[in-house]
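Below is one structure, written out as C-alpha cells; comments come after it.
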Amino acid sequence: MRHVVKVKGSNGRLSLVNSVVRQRRNMKLLLKAVQNAVSPRDWGRRNLWGWLNAVFNKVDYERIKAVGPDRAAAEWLLRCGAKVRFQGLDRFQHDYNLLPTGPLGRYKIQAIDATESCIMYRGFDHLDGLKHLEEIKFNKCIYIEDTCLERLSSIESLQESLNTVEVVSCGNVTDRGIIALHKLRNLEHLFVSDLPGIKDQQATANRLQTALPHLDIVMDLD
C-alpha cells in the first residue's frame with residue numbers, strides 16, 4: 001500500500017519552509033563546531049574537507065519520506081555544490097535557500113549539473129525515487145568513480161528516464177564505469193572527455209553501441 005502525504009494550505013507550506021530552515025541552521029552549527037574543535041595539527045585540511053563532504057552526502061531517509069524524493073535529492077545536490085533544474089522551469093537552481101516550495105511532489109527534477117560538486121557514492125540513494133530525470137552532467141567531480149556510475153545505471157526509474165549523460169574530467173572513472181551506462185535503456189546522448197582512466201576507447205564505445213544501437217557517443221579522449 002502506498003502512503004501519500006498531502007500538504008494543505010499555508011500551514012503546510014510554512015511547516016515545510018521551517019523544516020528546511022532548521023536543516024540549514026543545523027548544517028551551519030555543525031560546520032562551526034568542526035572549525036572550533038579541529039586544529040590543522042590534528043587533522044589536515046584535506047582530511048577535514050573529506051569528512052565534511054561525507055557528512056553532506058549522508059542520506060536522511062526520514063527527510064525523503066517527509067518531503068519526497070525530488071525535494072530531498074535537490075537539497076542533497078545543492079548542499080554538495082551541484083545545480084538542479086525542475087520540470088517547467090528554465091533556469092538551474094543553485095541556491096539552497098531559494099529552492100521552490102509548494103505542495104509535496106510539485107517540483108520534479110529534470111536535469112542535474114554536478115560540475116565541481118562533492119557528490120559521492122554514499123549519497124546516491126537520493127536518486128532512487130527520481131522518475132523524471134532526463135539529463136545529468138558530471139564535470140570535474142573528484143569523488144565520482146566507477147561505482148557511482150554503476151549505481152546510477154542500476155536505478156530502474158533512471159533506466160527509463162535518462163537520455164543524456166556527460167562525464168568530463170573525472171579522474172577516477174575507467175572503462176568499467178562508462179560501460180555500465182549501457183543499462184540506461186533510453187540513453188540517446190553520451191559525451192565523455194578528459195578521462196585518463198579510459199584505456200580502451202574503441203572497445204568501450206563498441207560495448208555501448210552494441211547494447212544501445214541508437215546511442216550518439218562522443219568521446220574526446222585524445
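Ligands are numbered from 1 in the order shown, residues from 1 within each chain, and chains are lettered A, B, ... in the order they appear in the C-alpha cells.
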Please produce, as a Markdown table, a per-residue contact table for region 127-214 of chain A versus region 76-83 of chain A (criterion: any atom at most 10 Å away, only C-alpha atoms considered), showing the nearest atom pair and its distance in Å to one decimal, sorted by chain then residue number.
| residue | atom | partner | partner_atom | distance |
| --- | --- | --- | --- | --- |
| A:Leu127 | CA | A:Trp76 | CA | 9.9 |
| A:Lys137 | CA | A:Ala82 | CA | 9.7 |
| A:Phe138 | CA | A:Ala82 | CA | 9.5 |
| A:Cys141 | CA | A:Ala82 | CA | 9.9 |
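Comparing A:Phe191, A:Phe92, A:Tyr107, A:Phe56 by their smallest distance to Pro69 (chain A), the closest is A:Tyr107 (using only C-alpha atoms).
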Can I get the residues of region 160-179 of chain A within 12 Å of region 203-213 of chain A, each with the closest pair of atoms and their distance in Å to one decimal, using only C-alpha atoms, sorted chain first then ascending number, as a tab-separated table?
residue	atom	partner	partner_atom	distance
A:Asn163	CA	A:Leu212	CA	11.5
A:Thr174	CA	A:Thr204	CA	9.8
A:Asp175	CA	A:Thr204	CA	6.2
A:Arg176	CA	A:Thr204	CA	8.3
A:Gly177	CA	A:Thr204	CA	9.9
A:Ile178	CA	A:Thr204	CA	7.4
A:Ile179	CA	A:Thr204	CA	6.1
Can you pull out the residues contacting Glu166 (chain A)? Cut-off 12 Å, using only C-alpha atoms, and skip same-chain residues under 3 positions away; I want them as a compact mmCIF listing (two decimals) with all heavy atoms, in the first residue's frame.
# COMPACT_ATOMS: atom_id res chain seq x y z
N ALA A 111 16.90 17.83 -14.65
CA ALA A 111 18.31 17.84 -15.03
C ALA A 111 19.17 18.14 -13.82
O ALA A 111 18.78 18.89 -12.92
CB ALA A 111 18.56 18.88 -16.12
N ILE A 112 20.37 17.54 -13.81
CA ILE A 112 21.35 17.76 -12.74
C ILE A 112 22.66 18.17 -13.38
O ILE A 112 23.15 17.52 -14.30
CB ILE A 112 21.57 16.48 -11.91
CG1 ILE A 112 20.29 16.10 -11.15
CG2 ILE A 112 22.74 16.65 -10.93
CD1 ILE A 112 20.38 14.74 -10.45
N ASP A 113 23.25 19.24 -12.87
CA ASP A 113 24.60 19.66 -13.26
C ASP A 113 25.47 19.57 -12.02
O ASP A 113 25.41 20.43 -11.14
CB ASP A 113 24.57 21.09 -13.82
CG ASP A 113 25.95 21.57 -14.28
OD1 ASP A 113 26.94 20.83 -14.06
OD2 ASP A 113 26.04 22.67 -14.85
N ALA A 114 26.28 18.53 -11.95
CA ALA A 114 27.10 18.29 -10.77
C ALA A 114 28.52 18.82 -10.92
O ALA A 114 29.44 18.36 -10.22
CB ALA A 114 27.13 16.80 -10.45
N THR A 115 28.72 19.76 -11.81
CA THR A 115 30.05 20.30 -12.07
C THR A 115 30.74 20.78 -10.79
O THR A 115 30.18 21.56 -10.02
CB THR A 115 29.96 21.48 -13.06
OG1 THR A 115 29.43 21.01 -14.31
CG2 THR A 115 31.33 22.10 -13.30
N GLU A 134 16.14 13.47 -16.79
CA GLU A 134 16.48 13.19 -18.19
C GLU A 134 17.96 13.44 -18.49
O GLU A 134 18.50 12.83 -19.42
CB GLU A 134 15.64 14.05 -19.12
CG GLU A 134 14.14 13.79 -19.02
CD GLU A 134 13.33 14.70 -19.91
OE1 GLU A 134 13.94 15.53 -20.65
OE2 GLU A 134 12.08 14.60 -19.90
N GLU A 135 18.58 14.29 -17.72
CA GLU A 135 19.96 14.70 -18.05
C GLU A 135 20.80 14.84 -16.79
O GLU A 135 20.33 15.38 -15.78
CB GLU A 135 19.92 16.05 -18.79
CG GLU A 135 21.26 16.64 -19.12
CD GLU A 135 21.15 18.02 -19.77
OE1 GLU A 135 20.02 18.40 -20.13
OE2 GLU A 135 22.17 18.70 -19.89
N ILE A 136 22.04 14.35 -16.85
CA ILE A 136 22.94 14.50 -15.72
C ILE A 136 24.36 14.75 -16.24
O ILE A 136 24.79 14.13 -17.22
CB ILE A 136 22.90 13.29 -14.78
CG1 ILE A 136 23.67 13.56 -13.49
CG2 ILE A 136 23.41 12.03 -15.47
CD1 ILE A 136 23.33 12.58 -12.37
N LYS A 137 25.03 15.69 -15.60
CA LYS A 137 26.38 16.08 -16.02
C LYS A 137 27.34 15.93 -14.85
O LYS A 137 27.15 16.53 -13.78
CB LYS A 137 26.39 17.52 -16.51
CG LYS A 137 27.76 18.04 -16.92
CD LYS A 137 27.74 19.56 -17.16
CE LYS A 137 26.87 19.91 -18.34
NZ LYS A 137 26.96 21.37 -18.66
N PHE A 138 28.39 15.13 -15.04
CA PHE A 138 29.47 15.01 -14.07
C PHE A 138 30.71 15.66 -14.69
O PHE A 138 31.29 15.11 -15.62
CB PHE A 138 29.78 13.54 -13.75
CG PHE A 138 28.62 12.77 -13.20
CD1 PHE A 138 28.00 11.77 -13.95
CD2 PHE A 138 28.14 13.02 -11.92
CE1 PHE A 138 26.94 11.04 -13.44
CE2 PHE A 138 27.07 12.31 -11.40
CZ PHE A 138 26.46 11.31 -12.17
N ASN A 139 31.10 16.78 -14.17
CA ASN A 139 32.24 17.53 -14.72
C ASN A 139 33.16 17.95 -13.57
O ASN A 139 32.74 18.67 -12.68
CB ASN A 139 31.73 18.76 -15.48
CG ASN A 139 32.82 19.43 -16.30
OD1 ASN A 139 34.00 19.26 -16.03
ND2 ASN A 139 32.43 20.18 -17.30
N LYS A 140 34.38 17.43 -13.59
CA LYS A 140 35.35 17.75 -12.55
C LYS A 140 34.83 17.38 -11.16
O LYS A 140 34.92 18.16 -10.21
CB LYS A 140 35.74 19.23 -12.60
CG LYS A 140 36.40 19.65 -13.90
CD LYS A 140 36.78 21.13 -13.90
CE LYS A 140 37.42 21.53 -15.22
NZ LYS A 140 37.77 22.96 -15.28
N CYS A 141 34.30 16.18 -11.06
CA CYS A 141 33.77 15.67 -9.79
C CYS A 141 34.80 14.70 -9.21
O CYS A 141 34.93 13.57 -9.70
CB CYS A 141 32.44 14.97 -10.01
SG CYS A 141 31.15 16.01 -10.72
N LEU A 149 28.73 5.38 -11.22
CA LEU A 149 28.05 5.19 -12.50
C LEU A 149 27.32 3.85 -12.53
O LEU A 149 26.24 3.74 -13.13
CB LEU A 149 29.05 5.28 -13.64
CG LEU A 149 29.79 6.62 -13.76
CD1 LEU A 149 30.68 6.63 -15.00
CD2 LEU A 149 28.81 7.80 -13.80
N LEU A 162 16.53 8.60 -18.13
CA LEU A 162 17.75 9.30 -18.53
C LEU A 162 18.01 9.15 -20.03
O LEU A 162 18.01 8.04 -20.56
CB LEU A 162 18.95 8.76 -17.76
CG LEU A 162 19.33 9.49 -16.46
CD1 LEU A 162 20.47 8.77 -15.76
CD2 LEU A 162 19.72 10.94 -16.73
N ASN A 163 18.24 10.29 -20.69
CA ASN A 163 18.58 10.24 -22.11
C ASN A 163 19.89 10.93 -22.44
O ASN A 163 20.42 10.76 -23.55
CB ASN A 163 17.44 10.82 -22.98
CG ASN A 163 17.13 12.27 -22.65
OD1 ASN A 163 18.00 13.13 -22.66
ND2 ASN A 163 15.86 12.55 -22.35
N SER A 169 36.41 14.99 -17.11
CA SER A 169 37.45 15.32 -16.12
C SER A 169 37.15 14.72 -14.75
O SER A 169 37.28 15.39 -13.72
CB SER A 169 37.63 16.84 -16.02
OG SER A 169 37.99 17.40 -17.25
N CYS A 170 36.73 13.46 -14.75
CA CYS A 170 36.52 12.72 -13.51
C CYS A 170 37.60 11.64 -13.46
O CYS A 170 37.45 10.56 -14.08
CB CYS A 170 35.13 12.12 -13.46
SG CYS A 170 33.79 13.35 -13.45
N ILE A 178 32.04 3.61 -17.53
CA ILE A 178 31.36 4.06 -18.74
C ILE A 178 30.55 2.93 -19.36
O ILE A 178 29.40 3.12 -19.79
CB ILE A 178 32.38 4.62 -19.76
CG1 ILE A 178 33.11 5.83 -19.18
CG2 ILE A 178 31.69 4.99 -21.06
CD1 ILE A 178 32.20 6.99 -18.79
N LEU A 181 26.98 2.22 -18.18
CA LEU A 181 25.88 3.07 -18.63
C LEU A 181 25.00 2.39 -19.68
O LEU A 181 23.95 2.92 -20.03
CB LEU A 181 26.44 4.39 -19.19
CG LEU A 181 27.23 5.25 -18.18
CD1 LEU A 181 27.81 6.46 -18.88
CD2 LEU A 181 26.34 5.68 -17.01
N LEU A 187 19.08 5.89 -23.12
CA LEU A 187 20.18 6.84 -23.29
C LEU A 187 20.39 7.15 -24.77
O LEU A 187 20.56 6.24 -25.59
CB LEU A 187 21.46 6.27 -22.68
CG LEU A 187 22.66 7.22 -22.59
CD1 LEU A 187 22.34 8.39 -21.68
CD2 LEU A 187 23.88 6.47 -22.07
N GLU A 188 20.35 8.43 -25.11
CA GLU A 188 20.48 8.86 -26.51
C GLU A 188 21.78 9.60 -26.77
O GLU A 188 22.31 9.54 -27.89
CB GLU A 188 19.31 9.76 -26.89
CG GLU A 188 17.95 9.09 -26.80
CD GLU A 188 16.82 10.04 -27.10
OE1 GLU A 188 17.11 11.24 -27.39
OE2 GLU A 188 15.64 9.62 -27.05
N HIS A 189 22.30 10.30 -25.76
CA HIS A 189 23.49 11.12 -25.94
C HIS A 189 24.47 10.87 -24.80
O HIS A 189 24.11 10.99 -23.63
CB HIS A 189 23.13 12.61 -25.99
CG HIS A 189 22.07 12.94 -26.99
ND1 HIS A 189 22.31 12.99 -28.35
CD2 HIS A 189 20.74 13.22 -26.82
CE1 HIS A 189 21.19 13.29 -28.98
NE2 HIS A 189 20.23 13.44 -28.08
N LEU A 190 25.70 10.54 -25.14
CA LEU A 190 26.75 10.35 -24.14
C LEU A 190 27.99 11.10 -24.60
O LEU A 190 28.49 10.89 -25.71
CB LEU A 190 27.07 8.86 -23.99
CG LEU A 190 28.28 8.53 -23.09
CD1 LEU A 190 28.03 8.98 -21.65
CD2 LEU A 190 28.59 7.03 -23.14
N PHE A 191 28.46 11.99 -23.74
CA PHE A 191 29.69 12.74 -24.02
C PHE A 191 30.69 12.47 -22.91
O PHE A 191 30.40 12.66 -21.73
CB PHE A 191 29.41 14.24 -24.10
CG PHE A 191 30.65 15.07 -24.30
CD1 PHE A 191 31.36 15.02 -25.49
CD2 PHE A 191 31.12 15.91 -23.30
CE1 PHE A 191 32.51 15.78 -25.69
CE2 PHE A 191 32.26 16.68 -23.47
CZ PHE A 191 32.95 16.61 -24.67
N VAL A 192 31.88 11.98 -23.29
CA VAL A 192 32.93 11.75 -22.32
C VAL A 192 34.21 12.44 -22.80
O VAL A 192 34.52 12.44 -23.99
CB VAL A 192 33.19 10.24 -22.09
CG1 VAL A 192 31.96 9.57 -21.51
CG2 VAL A 192 33.59 9.55 -23.37
N SER A 193 34.93 13.04 -21.86
CA SER A 193 36.14 13.78 -22.22
C SER A 193 37.09 13.83 -21.04
O SER A 193 36.65 13.85 -19.87
CB SER A 193 35.77 15.20 -22.66
OG SER A 193 36.91 15.97 -22.96
N ASP A 194 38.37 13.85 -21.34
CA ASP A 194 39.41 14.01 -20.32
C ASP A 194 39.24 12.98 -19.20
O ASP A 194 39.14 13.33 -18.03
CB ASP A 194 39.38 15.43 -19.76
CG ASP A 194 40.55 15.71 -18.81
OD1 ASP A 194 41.60 15.05 -18.96
OD2 ASP A 194 40.40 16.58 -17.93
N LEU A 195 39.22 11.71 -19.59
CA LEU A 195 39.12 10.61 -18.62
C LEU A 195 40.35 9.72 -18.79
O LEU A 195 40.34 8.78 -19.57
CB LEU A 195 37.85 9.79 -18.86
CG LEU A 195 36.51 10.53 -18.73
CD1 LEU A 195 35.36 9.57 -19.00
CD2 LEU A 195 36.36 11.19 -17.37
N ASP A 216 24.11 8.10 -29.42
CA ASP A 216 25.07 9.00 -30.04
C ASP A 216 26.22 9.20 -29.04
O ASP A 216 26.03 9.83 -27.99
CB ASP A 216 24.39 10.34 -30.36
CG ASP A 216 25.38 11.36 -30.92
OD1 ASP A 216 26.38 10.94 -31.53
OD2 ASP A 216 25.14 12.57 -30.73
N ILE A 217 27.38 8.65 -29.34
CA ILE A 217 28.54 8.70 -28.44
C ILE A 217 29.58 9.67 -28.98
O ILE A 217 29.99 9.58 -30.14
CB ILE A 217 29.20 7.32 -28.28
CG1 ILE A 217 28.18 6.25 -27.89
CG2 ILE A 217 30.32 7.37 -27.25
CD1 ILE A 217 28.75 4.85 -27.87
N VAL A 218 30.01 10.59 -28.12
CA VAL A 218 31.13 11.47 -28.45
C VAL A 218 32.20 11.26 -27.40
O VAL A 218 31.97 11.52 -26.21
CB VAL A 218 30.69 12.95 -28.49
CG1 VAL A 218 31.91 13.85 -28.78
CG2 VAL A 218 29.62 13.17 -29.54
N MET A 219 33.37 10.81 -27.85
CA MET A 219 34.49 10.58 -26.94
C MET A 219 35.64 11.50 -27.34
O MET A 219 36.21 11.35 -28.42
CB MET A 219 34.94 9.13 -26.98
CG MET A 219 33.98 8.16 -26.32
SD MET A 219 34.68 6.48 -26.16
CE MET A 219 33.53 5.73 -25.03
N ASP A 220 35.96 12.42 -26.47
CA ASP A 220 37.07 13.35 -26.70
C ASP A 220 38.16 13.01 -25.69
O ASP A 220 38.28 13.65 -24.65
CB ASP A 220 36.58 14.78 -26.55
CG ASP A 220 37.69 15.80 -26.78
OD1 ASP A 220 38.72 15.42 -27.37
OD2 ASP A 220 37.52 16.96 -26.38
If you run DSSP over the backbone, which residues in region 120-212 of chain A end up helix (DSSP H, G or I)? Put them as a PyMOL selection string.
chain A and resi 121-127+146-154+156-161+175-183+201-211
I'd like the interatomic distance between CA of Pro196 (chain A) and CA of Phe124 (chain A), to a tenth of an Å.
23.6 Å
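Taking only C-alpha atoms into account, Glu150 (chain A) lies nearest to A:His182 out of the set A:Asp95, A:His182, A:Lys65, A:Leu133.
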I'd like the neighbourhood of Leu89 (chain A) as a PyMOL selection string, where a residue qualifies if any of its atoms comes within 10 Å (using only C-alpha atoms), though same-chain residues fewer than 2 positions away should be ignored.
chain A and resi 85-87+91-93+107+109-110
Please compute the CA of Leu184 (chain A)-CA of Tyr143 (chain A) distance, one decimal, in Å.
21.4 Å
Take CA of Cys118 (chain A) and CA of Val55 (chain A) and report the distance between them in Å, one decimal.
10.6 Å
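Restricting the calculation to only C-alpha atoms, the smallest distance between Val67 (chain A) and any of A:Arg106, A:Arg185, A:His132, A:Lys199 is found for A:Arg106.
Closest approach to Glu145 (chain A) from the set A:Leu221, A:Met120, A:Val168, A:Leu130 is made by A:Met120, with distances taken over only C-alpha atoms.
Around Arg122 (chain A), within 9 Å and counting only C-alpha atoms, the residues found are Ala54, Asn57, Lys58, Val59 and Cys148 of chain A, once anything fewer than 6 positions away on its own chain is removed.
Closest to Gly171 (chain A) among A:Glu75, A:Asp125, A:Asp146, A:Glu62 is A:Asp146, based on only C-alpha atoms.
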I'd like to know which of A:Gly197, A:Pro100, A:Gly123, A:Gly105 is closest to Gly68 (chain A), using only C-alpha atoms.
A:Gly105
